[in-house]
Amino acid sequence: MKTLTEKAYFAAGCFWGVQAAFDGVKGVISTRAGYMGGETKNPTYEEVCTGRTNHAEAVEVVFDPKQISFEKLLELFWKIHDPTQMNRQGPDIGTQYRSAIFFTTAEQKKAADKSKQLQGSKFRMIATAVLPAPVFYEAEEYHQKYYLTHGKVC
């Protein structure tokens, strides 16, 4: 019997840490670092870093909804970054480091909006955008599983 999977997309600063946070979570089948939300087709890392493509560094999370819910993924998303920072995370500054949830279904949008509202009750302002998932462009190979392949931990 084939496992039915879903995809979720999260932007929460540098995609290296975001990918590392979701890797190894029970129910997560795979992750890929990439770019979303900009105007340039097939952007490169160098282009995204200029801030002129308007892409965010994002992570595609393929998951088994029978093992982990989208809501649980959202809980992890909120824990791994500061959703009150506009276009930055820590020392990383620029629109490519913005916070966003890119939804793929009406159910994901509803859950993302609800979780954002809950976060809004904890913080004064939430900078996280909840947007329909545009095209996902996979980042260059040297960005994939960066912390794992470079011997670094988050």
# chains A, B, ... in the order shown; residues from 1 in each chain; ligands from 1
>>> residues_around(residues="Ala12 in chain A", least_positions_apart="6", cutoff="8 Å", atoms="only C-alpha atoms", output="list in words")
Val18, Glu57, Ala58, Phe77, Ile80, His81, Pro83, Gln89, Tyr97, Arg98, Ser99 and Ala100 of chain A
>>> write_last_selection(atoms="N, CA and C atoms", output="PDB file, in the first residue's frame")
ATOM      1  N   VAL A  18      16.453  25.735   8.914  1.00  0.00           N
ATOM      2  CA  VAL A  18      15.060  25.305   8.781  1.00  0.00           C
ATOM      3  C   VAL A  18      15.017  23.848   8.325  1.00  0.00           C
ATOM      4  N   GLU A  57      14.252  32.232   1.043  1.00  0.00           N
ATOM      5  CA  GLU A  57      14.847  30.922   1.242  1.00  0.00           C
ATOM      6  C   GLU A  57      13.780  30.092   1.954  1.00  0.00           C
ATOM      7  N   ALA A  58      13.427  28.960   1.372  1.00  0.00           N
ATOM      8  CA  ALA A  58      12.322  28.148   1.886  1.00  0.00           C
ATOM      9  C   ALA A  58      12.711  26.679   1.908  1.00  0.00           C
ATOM     10  N   PHE A  77       7.603  25.012  13.260  1.00  0.00           N
ATOM     11  CA  PHE A  77       7.920  26.232  12.520  1.00  0.00           C
ATOM     12  C   PHE A  77       7.984  27.450  13.444  1.00  0.00           C
ATOM     13  N   ILE A  80      11.193  27.510  15.779  1.00  0.00           N
ATOM     14  CA  ILE A  80      12.560  27.577  15.254  1.00  0.00           C
ATOM     15  C   ILE A  80      12.989  28.960  14.783  1.00  0.00           C
ATOM     16  N   HIS A  81      12.109  29.955  14.888  1.00  0.00           N
ATOM     17  CA  HIS A  81      12.504  31.295  14.455  1.00  0.00           C
ATOM     18  C   HIS A  81      11.697  32.346  15.197  1.00  0.00           C
ATOM     19  N   PRO A  83       9.109  35.010  14.696  1.00  0.00           N
ATOM     20  CA  PRO A  83       8.146  35.450  13.692  1.00  0.00           C
ATOM     21  C   PRO A  83       7.817  36.947  13.755  1.00  0.00           C
ATOM     22  N   GLN A  89      16.357  37.207  10.218  1.00  0.00           N
ATOM     23  CA  GLN A  89      16.396  36.266  11.333  1.00  0.00           C
ATOM     24  C   GLN A  89      17.795  36.382  11.902  1.00  0.00           C
ATOM     25  N   TYR A  97      15.205  36.309   3.800  1.00  0.00           N
ATOM     26  CA  TYR A  97      15.142  35.678   5.124  1.00  0.00           C
ATOM     27  C   TYR A  97      13.801  35.918   5.822  1.00  0.00           C
ATOM     28  N   ARG A  98      12.814  36.341   5.073  1.00  0.00           N
ATOM     29  CA  ARG A  98      11.499  36.620   5.672  1.00  0.00           C
ATOM     30  C   ARG A  98      10.825  35.351   6.160  1.00  0.00           C
ATOM     31  N   SER A  99       9.821  35.525   6.988  1.00  0.00           N
ATOM     32  CA  SER A  99       9.043  34.427   7.551  1.00  0.00           C
ATOM     33  C   SER A  99       7.762  34.257   6.747  1.00  0.00           C
ATOM     34  N   ALA A 100       7.534  33.019   6.277  1.00  0.00           N
ATOM     35  CA  ALA A 100       6.325  32.762   5.498  1.00  0.00           C
ATOM     36  C   ALA A 100       5.929  31.297   5.583  1.00  0.00           C
TER      37      ALA A 100
END
>>> residues_around(residues="Thr104 in chain A", least_positions_apart="5", cutoff="7 Å", atoms="only C-alpha atoms", output="list in words")
Ala8, Pro132 and Ala133 of chain A
>>> select_by_dssp(residues="chain A", states="strand (DSSP E)", output="PyMOL selection string")
chain A and resi 6-12+28-36+56-63+88-89+92-93+99-103+129-132+137-138
>>> write_last_selection(atoms="N, CA and C atoms", output="CSV table (one decimal), in the first residue's frame")
chain,number,residue,atom,x,y,z
A,6,GLU,N,1.9,14.6,1.8
A,6,GLU,CA,1.5,16.0,1.5
A,6,GLU,C,2.8,16.8,1.5
A,7,LYS,N,2.8,18.0,1.0
A,7,LYS,CA,3.9,18.9,1.0
A,7,LYS,C,3.5,20.2,1.8
A,8,ALA,N,4.5,20.7,2.5
A,8,ALA,CA,4.4,21.9,3.2
A,8,ALA,C,5.6,22.8,2.9
A,9,TYR,N,5.5,24.1,2.9
A,9,TYR,CA,6.6,24.9,2.6
A,9,TYR,C,6.7,26.0,3.6
A,10,PHE,N,7.9,26.2,4.1
A,10,PHE,CA,8.2,27.1,5.2
A,10,PHE,C,9.4,28.0,4.9
A,11,ALA,N,9.3,29.2,5.2
A,11,ALA,CA,10.5,30.2,5.1
A,11,ALA,C,10.6,30.8,6.5
A,12,ALA,N,11.8,30.6,7.1
A,12,ALA,CA,12.0,31.1,8.5
A,12,ALA,C,13.5,31.5,8.7
A,28,VAL,N,8.2,13.0,8.8
A,28,VAL,CA,8.7,13.8,7.7
A,28,VAL,C,9.5,12.8,6.8
A,29,ILE,N,9.1,12.7,5.5
A,29,ILE,CA,9.7,11.8,4.6
A,29,ILE,C,10.9,12.4,4.0
A,30,SER,N,10.9,13.7,3.6
A,30,SER,CA,12.0,14.3,3.0
A,30,SER,C,11.9,15.8,3.1
A,31,THR,N,13.1,16.5,2.9
A,31,THR,CA,13.1,18.0,2.8
A,31,THR,C,14.0,18.4,1.7
A,32,ARG,N,13.7,19.6,1.2
A,32,ARG,CA,14.6,20.2,0.2
A,32,ARG,C,14.7,21.7,0.4
A,33,ALA,N,15.9,22.2,0.4
A,33,ALA,CA,16.1,23.7,0.5
A,33,ALA,C,15.8,24.3,-0.9
A,34,GLY,N,15.3,25.5,-0.9
A,34,GLY,CA,15.0,26.1,-2.2
A,34,GLY,C,14.5,27.6,-2.0
A,35,TYR,N,13.9,28.0,-3.1
A,35,TYR,CA,13.5,29.5,-3.2
A,35,TYR,C,12.1,29.5,-3.6
A,36,MET,N,11.3,30.5,-3.0
A,36,MET,CA,9.9,30.7,-3.3
A,36,MET,C,9.5,32.1,-3.2
A,56,ALA,N,12.2,34.1,-1.2
A,56,ALA,CA,12.5,33.7,0.2
A,56,ALA,C,13.3,32.4,0.2
A,57,GLU,N,14.3,32.2,1.0
A,57,GLU,CA,14.8,30.9,1.2
A,57,GLU,C,13.8,30.1,2.0
A,58,ALA,N,13.4,29.0,1.4
A,58,ALA,CA,12.3,28.1,1.9
A,58,ALA,C,12.7,26.7,1.9
A,59,VAL,N,11.9,25.9,2.6
A,59,VAL,CA,12.1,24.5,2.7
A,59,VAL,C,10.8,23.7,2.4
A,60,GLU,N,11.0,22.8,1.5
A,60,GLU,CA,9.9,21.9,1.1
A,60,GLU,C,9.9,20.7,2.1
A,61,VAL,N,8.8,20.5,2.8
A,61,VAL,CA,8.7,19.3,3.7
A,61,VAL,C,7.7,18.4,3.1
A,62,VAL,N,8.1,17.2,2.8
A,62,VAL,CA,7.2,16.1,2.4
A,62,VAL,C,6.9,15.3,3.6
A,63,PHE,N,5.6,15.1,3.9
A,63,PHE,CA,5.3,14.4,5.2
A,63,PHE,C,4.1,13.5,5.0
A,88,ARG,N,14.2,39.4,8.2
A,88,ARG,CA,15.5,39.0,8.9
A,88,ARG,C,15.3,37.9,9.9
A,89,GLN,N,16.4,37.2,10.2
A,89,GLN,CA,16.4,36.3,11.3
A,89,GLN,C,17.8,36.4,11.9
A,92,ASP,N,21.0,37.4,9.9
A,92,ASP,CA,20.7,37.4,8.4
A,92,ASP,C,19.6,38.4,8.1
A,93,ILE,N,20.0,39.4,7.3
A,93,ILE,CA,19.1,40.5,6.9
A,93,ILE,C,18.8,40.5,5.4
A,99,SER,N,9.8,35.5,7.0
A,99,SER,CA,9.0,34.4,7.6
A,99,SER,C,7.8,34.3,6.7
A,100,ALA,N,7.5,33.0,6.3
A,100,ALA,CA,6.3,32.8,5.5
A,100,ALA,C,5.9,31.3,5.6
A,101,ILE,N,4.6,31.1,5.5
A,101,ILE,CA,4.1,29.8,5.4
A,101,ILE,C,3.4,29.8,4.0
A,102,PHE,N,3.8,28.9,3.1
A,102,PHE,CA,3.2,28.8,1.8
A,102,PHE,C,2.3,27.5,1.8
A,103,PHE,N,1.0,27.8,1.7
A,103,PHE,CA,0.1,26.7,1.8
A,103,PHE,C,-0.2,26.1,0.4
A,129,ALA,N,4.1,35.8,6.8
A,129,ALA,CA,3.0,35.9,5.8
A,129,ALA,C,2.5,34.5,5.6
A,130,VAL,N,1.2,34.4,5.3
A,130,VAL,CA,0.5,33.1,4.9
A,130,VAL,C,0.1,33.3,3.5
A,131,LEU,N,0.7,32.5,2.6
A,131,LEU,CA,0.5,32.8,1.1
A,131,LEU,C,0.3,31.5,0.4
A,132,PRO,N,-0.4,31.5,-0.8
A,132,PRO,CA,-0.5,30.3,-1.6
A,132,PRO,C,0.9,29.9,-2.1
A,137,TYR,N,11.7,26.4,-6.3
A,137,TYR,CA,12.9,26.2,-7.1
A,137,TYR,C,13.9,25.6,-6.1
A,138,GLU,N,14.3,24.3,-6.4
A,138,GLU,CA,15.3,23.7,-5.5
A,138,GLU,C,16.6,24.4,-5.6
>>> atom_distance(atom1="CA of Gly51 in chain A", atom2="CA of Gln108 in chain A")
27.7 Å
>>> select_by_dssp(residues="range 2-134 of chain A", states="helix (DSSP H, G or I)", output="ChimeraX atom specification")
/A:15-22,45-49,70-79,95-97,106-122
>>> atom_distance(atom1="CA of Glu107 in chain A", atom2="CA of Gln67 in chain A")
17.1 Å
>>> atom_distance(atom1="CA of Thr128 in chain A", atom2="CA of Glu140 in chain A")
25.2 Å
>>> closest_residue(among="A:Gly38, A:Gly24, A:Gly120, A:Pro91", to="Pro134 in chain A", atoms="only C-alpha atoms")
A:Gly38
>>> closest_residue(among="A:Tyr142, A:Leu76, A:Gly90, A:Met125", to="Ala21 in chain A", atoms="only C-alpha atoms")
A:Leu76
>>> residues_around(residues="Ile126 in chain A", least_positions_apart="6", cutoff="9 Å", atoms="only C-alpha atoms", output="list in words")
Asp82, Pro83, Thr84, Gln85, Met86, Lys116, Gln117, Gln119 and Gly120 of chain A
>>> closest_residue(among="A:Asn87, A:Glu71, A:Lys79, A:Thr44", to="Asp113 in chain A", atoms="only C-alpha atoms")
A:Glu71
